[in-house]
$ cat start-v4.tsv   # TSV, C-alpha atoms
chain	number	residue	atom	x	y	z
A	1	MET	CA	27.62	12.44	-7.94
A	2	GLN	CA	25.22	10.24	-6.02
A	3	GLN	CA	26.72	11.39	-2.75
A	4	LEU	CA	26.28	15.08	-3.61
A	5	GLU	CA	22.67	14.46	-4.64
A	6	ARG	CA	22.01	13.53	-1.03
A	7	SER	CA	24.26	16.20	0.50
A	8	THR	CA	23.13	18.18	3.50
A	9	ILE	CA	23.99	21.87	3.84
A	10	SER	CA	24.91	23.76	7.00
A	11	VAL	CA	24.79	27.56	6.95
A	12	VAL	CA	27.13	29.17	9.50
A	13	ILE	CA	26.76	32.80	10.59
A	14	PRO	CA	28.96	34.53	13.21
A	15	ALA	CA	27.26	37.57	14.75
A	16	PHE	CA	28.50	40.35	17.03
A	17	ASN	CA	26.36	43.41	17.80
A	18	SER	CA	24.47	42.79	14.57
A	19	GLY	CA	21.02	43.93	15.67
A	20	LYS	CA	20.62	46.31	12.73
A	21	THR	CA	21.31	43.72	10.04
A	22	ILE	CA	20.95	40.16	11.35
A	23	ARG	CA	17.22	39.84	10.65
A	24	ALA	CA	17.62	40.59	6.95
A	25	THR	CA	20.54	38.15	6.78
A	26	VAL	CA	18.65	35.28	8.45
A	27	ASP	CA	15.53	35.99	6.39
A	28	SER	CA	17.59	35.67	3.20
A	29	VAL	CA	18.66	32.19	4.34
A	30	LEU	CA	15.12	31.15	5.23
A	31	ALA	CA	13.94	32.28	1.77
A	32	GLN	CA	16.18	29.82	-0.10
A	33	THR	CA	14.61	27.73	-2.84
A	34	ARG	CA	16.78	24.86	-1.61
A	35	PRO	CA	16.39	25.11	2.17
A	36	ALA	CA	19.42	24.68	4.41
A	37	ASP	CA	19.44	21.51	6.49
A	38	GLU	CA	20.67	23.50	9.47
A	39	ILE	CA	21.32	27.17	10.20
A	40	LEU	CA	23.88	27.82	12.92
A	41	VAL	CA	24.28	31.34	14.29
A	42	LEU	CA	26.94	32.11	16.87
A	43	ASP	CA	26.34	35.18	19.07
A	44	ASP	CA	29.87	36.26	19.96
A	45	GLY	CA	29.06	38.09	23.20
A	46	SER	CA	26.84	40.79	21.70
A	47	SER	CA	25.81	43.68	23.96
A	48	ASP	CA	22.95	44.93	21.74
A	49	ASN	CA	19.68	43.21	20.81
A	50	THR	CA	21.27	40.57	18.57
A	51	ALA	CA	20.51	37.72	21.00
A	52	SER	CA	16.82	38.60	21.36
A	53	ILE	CA	16.34	38.90	17.59
A	54	LEU	CA	17.92	35.49	17.05
A	55	ALA	CA	15.88	33.92	19.85
A	56	SER	CA	12.69	35.13	18.18
A	57	TYR	CA	13.24	32.72	15.27
A	58	GLY	CA	12.96	29.64	17.48
A	59	SER	CA	13.61	26.20	15.98
A	60	PRO	CA	14.70	27.21	12.44
A	61	LEU	CA	18.00	28.36	13.98
A	62	ARG	CA	20.53	26.56	16.13
A	63	LEU	CA	21.81	29.38	18.33
A	64	ILE	CA	25.21	29.19	20.02
A	65	ARG	CA	26.44	31.78	22.49
A	66	GLN	CA	29.93	32.51	23.77
A	67	GLU	CA	31.89	35.34	25.37
A	68	ASN	CA	33.38	37.70	22.81
A	69	ARG	CA	36.38	36.01	21.16
A	70	GLY	CA	36.40	37.49	17.67
A	71	ALA	CA	35.55	36.36	14.15
A	72	ALA	CA	38.23	33.67	13.82
A	73	SER	CA	37.18	31.92	17.02
A	74	SER	CA	33.50	32.19	16.06
A	75	ARG	CA	33.99	30.67	12.62
A	76	ASN	CA	36.19	27.89	13.97
A	77	ARG	CA	33.54	26.89	16.47
A	78	LEU	CA	30.79	27.04	13.86
A	79	CYS	CA	32.83	24.76	11.59
A	80	ARG	CA	33.26	22.26	14.41
A	81	GLU	CA	29.55	22.36	15.29
A	82	ALA	CA	28.25	22.09	11.71
A	83	ARG	CA	26.93	18.65	10.77
A	84	GLY	CA	26.29	19.15	7.04
A	85	ASP	CA	28.24	17.69	4.13
A	86	LEU	CA	28.63	21.22	2.74
A	87	ILE	CA	29.37	24.34	4.79
A	88	ALA	CA	28.06	27.67	3.47
A	89	PHE	CA	29.55	30.79	5.07
A	90	LEU	CA	27.60	33.99	5.59
A	91	ASP	CA	28.32	37.15	7.61
A	92	SER	CA	25.68	38.79	9.78
A	93	ASP	CA	25.23	41.83	7.52
A	94	ASP	CA	25.27	40.21	4.08
A	95	LEU	CA	22.47	38.72	1.97
A	96	TRP	CA	21.84	35.76	-0.30
A	97	HIS	CA	19.64	35.63	-3.36
A	98	PRO	CA	16.88	32.98	-2.90
A	99	ALA	CA	18.63	30.72	-5.46
A	100	TYR	CA	22.05	30.89	-3.78
A	101	LEU	CA	22.17	27.46	-2.09
A	102	GLU	CA	20.43	25.75	-4.99
A	103	THR	CA	23.06	27.12	-7.36
A	104	GLN	CA	25.99	26.23	-5.11
A	105	LEU	CA	24.78	22.66	-4.88
A	106	ARG	CA	24.34	22.48	-8.66
A	107	VAL	CA	27.92	23.70	-9.23
A	108	LEU	CA	29.43	21.28	-6.74
A	109	ARG	CA	27.48	18.38	-8.22
A	110	GLU	CA	29.10	19.14	-11.57
A	111	PHE	CA	32.61	19.46	-10.07
A	112	PRO	CA	32.62	17.23	-6.97
A	113	GLN	CA	36.43	17.20	-6.76
A	114	ALA	CA	36.64	20.94	-5.92
A	115	SER	CA	37.83	22.08	-2.50
A	116	ALA	CA	35.50	25.13	-2.54
A	117	SER	CA	32.95	26.95	-4.70
A	118	PHE	CA	32.51	30.72	-5.03
A	119	LEU	CA	29.65	32.61	-6.64
A	120	GLY	CA	29.65	36.21	-7.82
A	121	HIS	CA	28.55	39.06	-5.57
A	122	ILE	CA	27.18	42.61	-5.57
A	123	SER	CA	28.26	45.33	-3.12
A	124	PHE	CA	25.79	47.66	-1.42
A	125	ILE	CA	25.81	50.24	1.39
A	126	ASP	CA	22.30	50.74	2.77
A	127	ASP	CA	19.01	49.34	1.47
A	128	PHE	CA	19.20	46.64	-1.15
A	129	THR	CA	16.81	45.08	-3.65
A	130	TRP	CA	17.88	42.21	-5.87
A	131	PRO	CA	18.16	43.14	-9.54
A	132	ASP	CA	16.82	40.72	-12.13
A	133	VAL	CA	19.07	37.66	-12.34
A	134	ASP	CA	18.63	35.30	-15.29
A	135	LEU	CA	18.66	31.94	-13.53
A	136	SER	CA	17.87	30.13	-16.78
A	137	ALA	CA	21.07	31.29	-18.50
A	138	GLN	CA	23.99	28.94	-18.94
A	139	LEU	CA	26.06	29.06	-15.77
A	140	ARG	CA	29.70	29.80	-16.54
A	141	THR	CA	31.91	28.14	-13.97
A	142	GLU	CA	35.66	28.65	-13.96
A	143	HIS	CA	37.76	25.74	-12.76
A	144	ILE	CA	40.77	27.36	-11.04
A	145	SER	CA	43.77	25.14	-10.37
A	146	ALA	CA	45.33	25.20	-6.92
A	147	LEU	CA	48.47	26.96	-8.17
A	148	GLU	CA	46.50	29.57	-10.11
A	149	PHE	CA	44.25	30.25	-7.11
A	150	LEU	CA	47.29	30.88	-4.89
A	151	SER	CA	48.45	33.63	-7.23
A	152	ARG	CA	45.06	34.98	-8.21
A	153	TYR	CA	43.60	35.28	-4.74
A	154	ASN	CA	46.63	37.15	-3.43
A	155	LYS	CA	46.72	39.58	-6.36
A	156	ALA	CA	42.97	40.25	-6.55
A	157	PRO	CA	41.06	38.82	-3.58
A	158	GLY	CA	37.91	40.85	-4.26
A	159	ALA	CA	36.29	38.11	-6.36
A	160	PHE	CA	36.53	35.65	-3.47
A	161	SER	CA	34.29	37.02	-0.75
A	162	PRO	CA	33.95	34.70	2.26
A	163	CYS	CA	30.17	34.88	2.12
A	164	CYS	CA	29.94	33.53	-1.42
A	165	CYS	CA	31.93	30.47	-0.45
A	166	CYS	CA	30.65	26.93	0.03
A	167	VAL	CA	33.12	24.28	1.24
A	168	PRO	CA	32.73	20.52	1.57
A	169	LYS	CA	33.01	19.47	5.20
A	170	ALA	CA	35.67	16.96	4.15
A	171	SER	CA	37.87	19.82	2.92
A	172	LEU	CA	37.44	21.73	6.18
A	173	GLU	CA	38.42	18.69	8.22
A	174	LYS	CA	41.74	18.52	6.37
A	175	LEU	CA	42.50	22.04	7.64
A	176	GLY	CA	42.26	21.00	11.30
A	177	ASP	CA	40.25	22.36	14.22
A	178	GLU	CA	41.19	25.98	13.56
A	179	PRO	CA	40.93	26.71	9.82
A	180	PHE	CA	40.64	30.43	10.65
A	181	GLN	CA	43.63	32.05	12.35
A	182	ILE	CA	45.33	35.47	12.62
A	183	PRO	CA	42.66	38.01	13.70
A	184	ILE	CA	41.66	40.58	11.04
A	185	ALA	CA	43.40	38.47	8.36
A	186	GLU	CA	41.57	35.22	9.15
A	187	ASP	CA	40.04	35.05	5.65
A	188	CYS	CA	43.49	35.43	4.08
A	189	TYR	CA	44.79	32.59	6.26
A	190	PHE	CA	41.82	30.37	5.38
A	191	TYR	CA	42.03	30.91	1.62
A	192	ASN	CA	45.80	30.58	1.43
A	193	ARG	CA	45.43	27.02	2.68
A	194	PHE	CA	42.96	26.08	-0.08
A	195	PRO	CA	45.78	25.51	-2.60
A	196	LEU	CA	46.99	22.69	-0.34
A	197	LEU	CA	43.66	20.93	-0.94
A	198	GLY	CA	43.03	21.22	-4.68
A	199	PRO	CA	41.19	23.33	-7.28
A	200	VAL	CA	38.38	25.80	-6.55
A	201	LEU	CA	35.38	26.93	-8.58
A	202	LEU	CA	34.21	30.46	-9.45
A	203	SER	CA	30.81	30.98	-11.09
A	204	ASP	CA	29.96	34.35	-12.58
A	205	ILE	CA	26.35	34.60	-11.41
A	206	PRO	CA	25.95	37.32	-8.69
A	207	LEU	CA	23.78	35.69	-6.03
A	208	MET	CA	25.28	37.26	-2.92
A	209	ALA	CA	25.21	40.87	-1.67
A	210	VAL	CA	28.07	42.22	0.46
A	211	ARG	CA	27.37	45.20	2.70
A	212	LYS	CA	30.15	47.79	2.69
A	213	ARG	CA	30.75	49.31	6.12
A	214	PRO	CA	32.99	52.38	6.61
A	215	GLY	CA	35.43	51.92	9.47
A	216	SER	CA	35.26	48.12	9.56
A	217	LEU	CA	38.31	46.16	10.71
A	218	SER	CA	39.02	45.02	7.17
A	219	SER	CA	39.03	48.65	5.95
A	220	ASN	CA	41.97	49.47	8.23
A	221	ARG	CA	44.75	48.82	5.76
A	222	TYR	CA	47.66	49.19	8.17
A	223	ARG	CA	46.47	46.49	10.55
A	224	LEU	CA	45.21	44.23	7.78
A	225	SER	CA	48.44	44.43	5.77
A	226	ARG	CA	50.51	43.76	8.90
A	227	ASP	CA	48.48	40.68	9.72
A	228	VAL	CA	48.52	39.42	6.13
A	229	VAL	CA	52.31	39.33	6.43
A	230	ARG	CA	51.82	37.34	9.63
A	231	VAL	CA	49.65	34.89	7.69
A	232	PHE	CA	52.46	34.18	5.26
A	233	GLU	CA	54.95	33.86	8.11
A	234	SER	CA	52.73	31.24	9.74
A	235	LEU	CA	52.15	29.28	6.50
A	236	GLU	CA	55.74	29.30	5.23
A	237	GLN	CA	56.74	26.02	6.87
A	238	GLU	CA	53.61	24.21	5.71
A	239	TYR	CA	54.20	25.22	2.09
A	240	VAL	CA	57.87	24.23	2.26
A	241	GLN	CA	56.96	20.81	3.65
A	242	LYS	CA	53.89	20.00	1.54
A	243	THR	CA	54.42	21.52	-1.91
A	244	ASP	CA	56.85	21.24	-4.81
A	245	VAL	CA	59.32	23.88	-5.98
A	246	THR	CA	56.82	25.49	-8.38
A	247	PHE	CA	54.28	26.00	-5.61
A	248	GLN	CA	56.99	27.29	-3.29
A	249	ARG	CA	58.20	29.80	-5.89
A	250	VAL	CA	54.69	31.25	-6.31
A	251	PHE	CA	54.12	31.24	-2.55
A	252	PHE	CA	57.28	33.27	-1.94
A	253	GLU	CA	56.43	35.65	-4.80
A	254	MET	CA	53.09	36.35	-3.13
A	255	TYR	CA	54.81	36.61	0.27
A	256	ALA	CA	57.24	39.16	-1.21
A	257	LEU	CA	54.32	41.12	-2.67
A	258	LYS	CA	52.61	41.34	0.73
A	259	ARG	CA	55.81	42.62	2.36
A	260	TYR	CA	56.24	45.14	-0.45
A	261	VAL	CA	52.71	46.50	0.01
A	262	PHE	CA	53.17	46.66	3.79
A	263	SER	CA	56.45	48.57	3.36
A	264	LYS	CA	54.62	51.34	1.47
A	265	ILE	CA	52.04	51.57	4.22
A	266	LEU	CA	54.82	51.75	6.82
A	267	LEU	CA	56.58	54.56	4.93
A	268	HIS	CA	53.31	56.45	4.69
A	269	ALA	CA	52.91	56.04	8.46
A	270	GLY	CA	56.46	57.31	9.10
A	271	GLU	CA	57.92	53.95	10.17
A	272	ASP	CA	60.93	54.06	7.88
A	273	GLN	CA	63.15	51.51	9.62
A	274	GLU	CA	60.53	48.77	9.67
A	275	ALA	CA	59.66	49.57	6.04
A	276	ARG	CA	63.28	48.95	5.06
A	277	VAL	CA	63.24	45.62	6.89
A	278	GLN	CA	60.15	44.55	4.93
A	279	LEU	CA	61.65	45.73	1.63
A	280	THR	CA	64.90	43.87	2.22
A	281	LYS	CA	63.06	40.64	2.96
A	282	SER	CA	60.77	41.18	-0.02
A	283	PHE	CA	63.79	41.61	-2.32
A	284	SER	CA	65.28	38.30	-1.19
A	285	MET	CA	62.06	36.32	-1.70
A	286	ASP	CA	61.27	37.17	-5.33
A	287	LYS	CA	64.03	36.66	-7.91
A	288	ARG	CA	62.25	38.41	-10.82
A	289	TRP	CA	64.22	41.47	-11.88
A	290	GLN	CA	61.12	43.58	-12.61
A	291	PHE	CA	59.85	43.11	-9.07
A	292	ARG	CA	63.28	43.69	-7.56
A	293	ALA	CA	63.56	46.97	-9.47
A	294	ARG	CA	60.29	48.15	-7.91
A	295	VAL	CA	61.49	47.17	-4.45
A	296	LEU	CA	64.79	49.00	-4.90
A	297	ALA	CA	62.99	52.14	-6.08
A	298	VAL	CA	60.91	52.24	-2.90
A	299	LEU	CA	63.91	51.37	-0.72
A	300	MET	CA	66.05	54.18	-2.16
A	301	SER	CA	63.20	56.65	-1.78
A	302	SER	CA	63.05	55.87	1.94
A	303	TYR	CA	66.43	57.61	2.41
A	304	LEU	CA	65.31	60.86	0.80
A	305	PRO	CA	64.15	63.78	2.95
A	306	LYS	CA	60.42	63.42	3.54
A	307	ASN	CA	59.61	66.48	1.41
A	308	PHE	CA	61.32	64.90	-1.62
A	309	ARG	CA	59.86	61.39	-1.38
A	310	PRO	CA	57.20	60.13	-3.75
A	311	ASP	CA	53.89	59.66	-1.98
A	312	TRP	CA	53.48	55.99	-2.83
A	313	LEU	CA	50.00	55.87	-1.32
A	314	ALA	CA	48.61	59.20	-2.49
A	315	LYS	CA	45.54	57.46	-3.90
A	316	HIS	CA	44.95	55.56	-0.64
A	317	PRO	CA	45.04	58.06	2.26
A	318	GLU	CA	43.04	55.66	4.44
A	319	TRP	CA	46.07	53.32	4.56
A	320	LYS	CA	47.74	55.77	6.95
A	321	ALA	CA	45.40	54.76	9.77
A	322	ARG	CA	46.75	52.38	12.37
A	323	SER	CA	43.83	51.65	14.67
$ encode --input "start-v4.tsv" --output "structure tokens"
Amino acid sequence: MQQLERSTISVVIPAFNSGKTIRATVDSVLAQTRPADEILVLDDGSSDNTASILASYGSPLRLIRQENRGAASSRNRLCREARGDLIAFLDSDDLWHPAYLETQLRVLREFPQASASFLGHISFIDDFTWPDVDLSAQLRTEHISALEFLSRYNKAPGAFSPCCCCVPKASLEKLGDEPFQIPIAEDCYFYNRFPLLGPVLLSDIPLMAVRKRPGSLSSNRYRLSRDVVRVFESLEQEYVQKTDVTFQRVFFEMYALKRYVFSKILLHAGEDQEARVQLTKSFSMDKRWQFRARVLAVLMSSYLPKNFRPDWLAKHPEWKARS
């Protein structure tokens, strides 16, 4: 507790061609009731006016520039450069409520053993004004075990936005020099290593605003689902080596689920053979009969003439896109 009382906080923000949004994002950090000890912004080779906007802030920011290497590379470098005891992640088009950092620090003081802390968030599209938030109300914080987080994040990741996440530097260091890997699915890679570290926290107070952008990389379901499968491929050996049989069972159930979802996207895109490969592997990974029945239903449908197949993704036409 004493150590967290004296904790320093680094805010890390990757930015690429963010001229339209970066000022509002940085201003929301500068407006914190508990000021950050350092604010690091990495300009990932922007070709718009991002660099000049960031330079206009002067000393409150530590500005890093590099040639364009993508979000994973940017976040990895920011994590290496950050000097704080706690690392708070923020994207260049999202916003924090003024009490965000103060609240994160309060939560982590109460549960210092946690590997990460998440707060609630609000989604918006264009202009945004904070609604009234009762900061005096009792803060409800859920203590999520490592095993539960592995399952919960992979079934419903929406509650765990990267920009409402604060991580102790000590946790990050256990993940190595590149905690973010697999472009497009770098968040999935990052969070699926948290269960190897311990429990996480989720507080219900919405103190972060996430901007929804049509056409963003993460909205391209084909590419994202493909790379999520790659995440599980890359983590398989680590889970086999470092976890017990219960953890491994849940890991492979989630792995099977990701292959199953990807197979539907492949069928919708007309890639029947690869869909069958994913379904066959999915079937072998999850021994539960209910799940296997679902897999077999999709697999059998793949052999029907296209006009007679169920449209498994009728409610998600955007999943058909590939690039």
$ closest_residue --input "start-v4.tsv" --among "A:Leu175, A:Ala275, A:Leu101, A:Ile53" --to "Thr21 in chain A" --atoms "all atoms listed in the file"
A:Ile53
$ closest_residue --input "start-v4.tsv" --among "A:Ile184, A:Leu54, A:Leu119, A:Val277" --to "Phe89 in chain A" --atoms "only C-alpha atoms"
A:Leu119
$ closest_residue --input "start-v4.tsv" --among "A:Asp127, A:Glu236, A:Glu178, A:Glu173" --to "Asn192 in chain A" --atoms "all atoms listed in the file"
A:Glu236
$ closest_residue --input "start-v4.tsv" --among "A:Trp96, A:Tyr303, A:Tyr222, A:Phe247" --to "Lys264 in chain A" --atoms "only C-alpha atoms"
A:Tyr222
$ residues_around --input "start-v4.tsv" --residues "range 137-140 of chain A" --least-positions-apart "6" --cutoff "8 Å" --atoms "all atoms listed in the file" --output "list in words"
Ser203, Asp204 and Ile205 of chain A
$ closest_residue --input "start-v4.tsv" --among "A:Arg211, A:Arg259, A:His121, A:Arg83" --to "Pro168 in chain A" --atoms "all atoms listed in the file"
A:Arg83
$ closest_residue --input "start-v4.tsv" --among "A:Phe16, A:Trp130, A:Phe149, A:Phe124" --to "Leu207 in chain A" --atoms "only C-alpha atoms"
A:Trp130
$ residues_around --input "start-v4.tsv" --residues "Asp43 in chain A" --least-positions-apart "5" --cutoff "9 Å" --atoms "all atoms listed in the file" --output "ChimeraX atom specification"
/A:13-17,50-51,54,63-68,74
$ residues_around --input "start-v4.tsv" --residues "Lys281 in chain A" --least-positions-apart "3" --cutoff "12 Å" --atoms "all atoms listed in the file" --output "list in words"
Val229, Glu233, Phe252, Glu253, Tyr255, Ala256, Leu257, Lys258, Arg259, Tyr260, Phe262, Ser263, Glu274, Ala275, Arg276, Val277, Gln278, Ser284, Met285, Asp286, Lys287, Arg292, Val295, Leu296 and Leu299 of chain A
$ write_last_selection --input "start-v4.tsv" --atoms "C-alpha atoms" --output "PDB file, keeping the file's coordinate frame"
ATOM      1  CA  VAL A 229      52.310  39.330   6.430  1.00  0.00           C
ATOM      2  CA  GLU A 233      54.950  33.860   8.110  1.00  0.00           C
ATOM      3  CA  PHE A 252      57.280  33.270  -1.940  1.00  0.00           C
ATOM      4  CA  GLU A 253      56.430  35.650  -4.800  1.00  0.00           C
ATOM      5  CA  TYR A 255      54.810  36.610   0.270  1.00  0.00           C
ATOM      6  CA  ALA A 256      57.240  39.160  -1.210  1.00  0.00           C
ATOM      7  CA  LEU A 257      54.320  41.120  -2.670  1.00  0.00           C
ATOM      8  CA  LYS A 258      52.610  41.340   0.730  1.00  0.00           C
ATOM      9  CA  ARG A 259      55.810  42.620   2.360  1.00  0.00           C
ATOM     10  CA  TYR A 260      56.240  45.140  -0.450  1.00  0.00           C
ATOM     11  CA  PHE A 262      53.170  46.660   3.790  1.00  0.00           C
ATOM     12  CA  SER A 263      56.450  48.570   3.360  1.00  0.00           C
ATOM     13  CA  GLU A 274      60.530  48.770   9.670  1.00  0.00           C
ATOM     14  CA  ALA A 275      59.660  49.570   6.040  1.00  0.00           C
ATOM     15  CA  ARG A 276      63.280  48.950   5.060  1.00  0.00           C
ATOM     16  CA  VAL A 277      63.240  45.620   6.890  1.00  0.00           C
ATOM     17  CA  GLN A 278      60.150  44.550   4.930  1.00  0.00           C
ATOM     18  CA  SER A 284      65.280  38.300  -1.190  1.00  0.00           C
ATOM     19  CA  MET A 285      62.060  36.320  -1.700  1.00  0.00           C
ATOM     20  CA  ASP A 286      61.270  37.170  -5.330  1.00  0.00           C
ATOM     21  CA  LYS A 287      64.030  36.660  -7.910  1.00  0.00           C
ATOM     22  CA  ARG A 292      63.280  43.690  -7.560  1.00  0.00           C
ATOM     23  CA  VAL A 295      61.490  47.170  -4.450  1.00  0.00           C
ATOM     24  CA  LEU A 296      64.790  49.000  -4.900  1.00  0.00           C
ATOM     25  CA  LEU A 299      63.910  51.370  -0.720  1.00  0.00           C
TER      26      LEU A 299
END
$ atom_distance --input "start-v4.tsv" --atom1 "CA of Tyr189 in chain A" --atom2 "CA of Arg23 in chain A"
28.8 Å
$ build_atoms --input "start-v4.tsv" --residues "range 127-145 of chain A" --atoms "N, CA and C atoms" --output "mmCIF file, keeping the file's coordinate frame"
data_model
loop_
_atom_site.group_PDB
_atom_site.id
_atom_site.type_symbol
_atom_site.label_atom_id
_atom_site.label_comp_id
_atom_site.auth_asym_id
_atom_site.auth_seq_id
_atom_site.Cartn_x
_atom_site.Cartn_y
_atom_site.Cartn_z
ATOM 1 N N ASP A 127 20.085 50.229 1.893
ATOM 2 C CA ASP A 127 19.010 49.340 1.470
ATOM 3 C C ASP A 127 19.395 48.623 0.183
ATOM 4 N N PHE A 128 18.829 47.429 0.020
ATOM 5 C CA PHE A 128 19.200 46.640 -1.150
ATOM 6 C C PHE A 128 18.002 45.864 -1.665
ATOM 7 N N THR A 129 17.824 45.884 -2.982
ATOM 8 C CA THR A 129 16.810 45.080 -3.650
ATOM 9 C C THR A 129 17.504 44.298 -4.762
ATOM 10 N N TRP A 130 17.226 43.016 -4.857
ATOM 11 C CA TRP A 130 17.880 42.210 -5.870
ATOM 12 C C TRP A 130 17.484 42.651 -7.274
ATOM 13 N N PRO A 131 18.478 42.891 -8.126
ATOM 14 C CA PRO A 131 18.160 43.140 -9.540
ATOM 15 C C PRO A 131 17.725 41.829 -10.194
ATOM 16 N N ASP A 132 17.204 41.929 -11.406
ATOM 17 C CA ASP A 132 16.820 40.720 -12.130
ATOM 18 C C ASP A 132 18.057 39.873 -12.422
ATOM 19 N N VAL A 133 17.983 38.596 -12.063
ATOM 20 C CA VAL A 133 19.070 37.660 -12.340
ATOM 21 C C VAL A 133 18.499 36.543 -13.215
ATOM 22 N N ASP A 134 19.126 36.311 -14.357
ATOM 23 C CA ASP A 134 18.630 35.300 -15.290
ATOM 24 C C ASP A 134 19.118 33.921 -14.824
ATOM 25 N N LEU A 135 18.287 33.242 -14.065
ATOM 26 C CA LEU A 135 18.660 31.940 -13.530
ATOM 27 C C LEU A 135 18.595 30.838 -14.588
ATOM 28 N N SER A 136 17.969 31.125 -15.724
ATOM 29 C CA SER A 136 17.870 30.130 -16.780
ATOM 30 C C SER A 136 19.073 30.147 -17.718
ATOM 31 N N ALA A 137 19.905 31.172 -17.612
ATOM 32 C CA ALA A 137 21.070 31.290 -18.500
ATOM 33 C C ALA A 137 22.096 30.221 -18.159
ATOM 34 N N GLN A 138 22.933 29.913 -19.137
ATOM 35 C CA GLN A 138 23.990 28.940 -18.940
ATOM 36 C C GLN A 138 24.959 29.462 -17.876
ATOM 37 N N LEU A 139 25.168 28.663 -16.861
ATOM 38 C CA LEU A 139 26.060 29.060 -15.770
ATOM 39 C C LEU A 139 27.501 28.848 -16.199
ATOM 40 N N ARG A 140 28.286 29.909 -16.180
ATOM 41 C CA ARG A 140 29.700 29.800 -16.540
ATOM 42 C C ARG A 140 30.523 29.621 -15.280
ATOM 43 N N THR A 141 31.125 28.468 -15.156
ATOM 44 C CA THR A 141 31.910 28.140 -13.970
ATOM 45 C C THR A 141 33.370 27.966 -14.358
ATOM 46 N N GLU A 142 34.225 28.722 -13.702
ATOM 47 C CA GLU A 142 35.660 28.650 -13.960
ATOM 48 C C GLU A 142 36.291 27.657 -12.999
ATOM 49 N N HIS A 143 37.053 26.749 -13.553
ATOM 50 C CA HIS A 143 37.760 25.740 -12.760
ATOM 51 C C HIS A 143 39.179 26.266 -12.540
ATOM 52 N N ILE A 144 39.491 26.703 -11.332
ATOM 53 C CA ILE A 144 40.770 27.360 -11.040
ATOM 54 C C ILE A 144 41.696 26.364 -10.345
ATOM 55 N N SER A 145 42.827 26.083 -10.970
ATOM 56 C CA SER A 145 43.770 25.140 -10.370
ATOM 57 C C SER A 145 44.297 25.684 -9.051
#
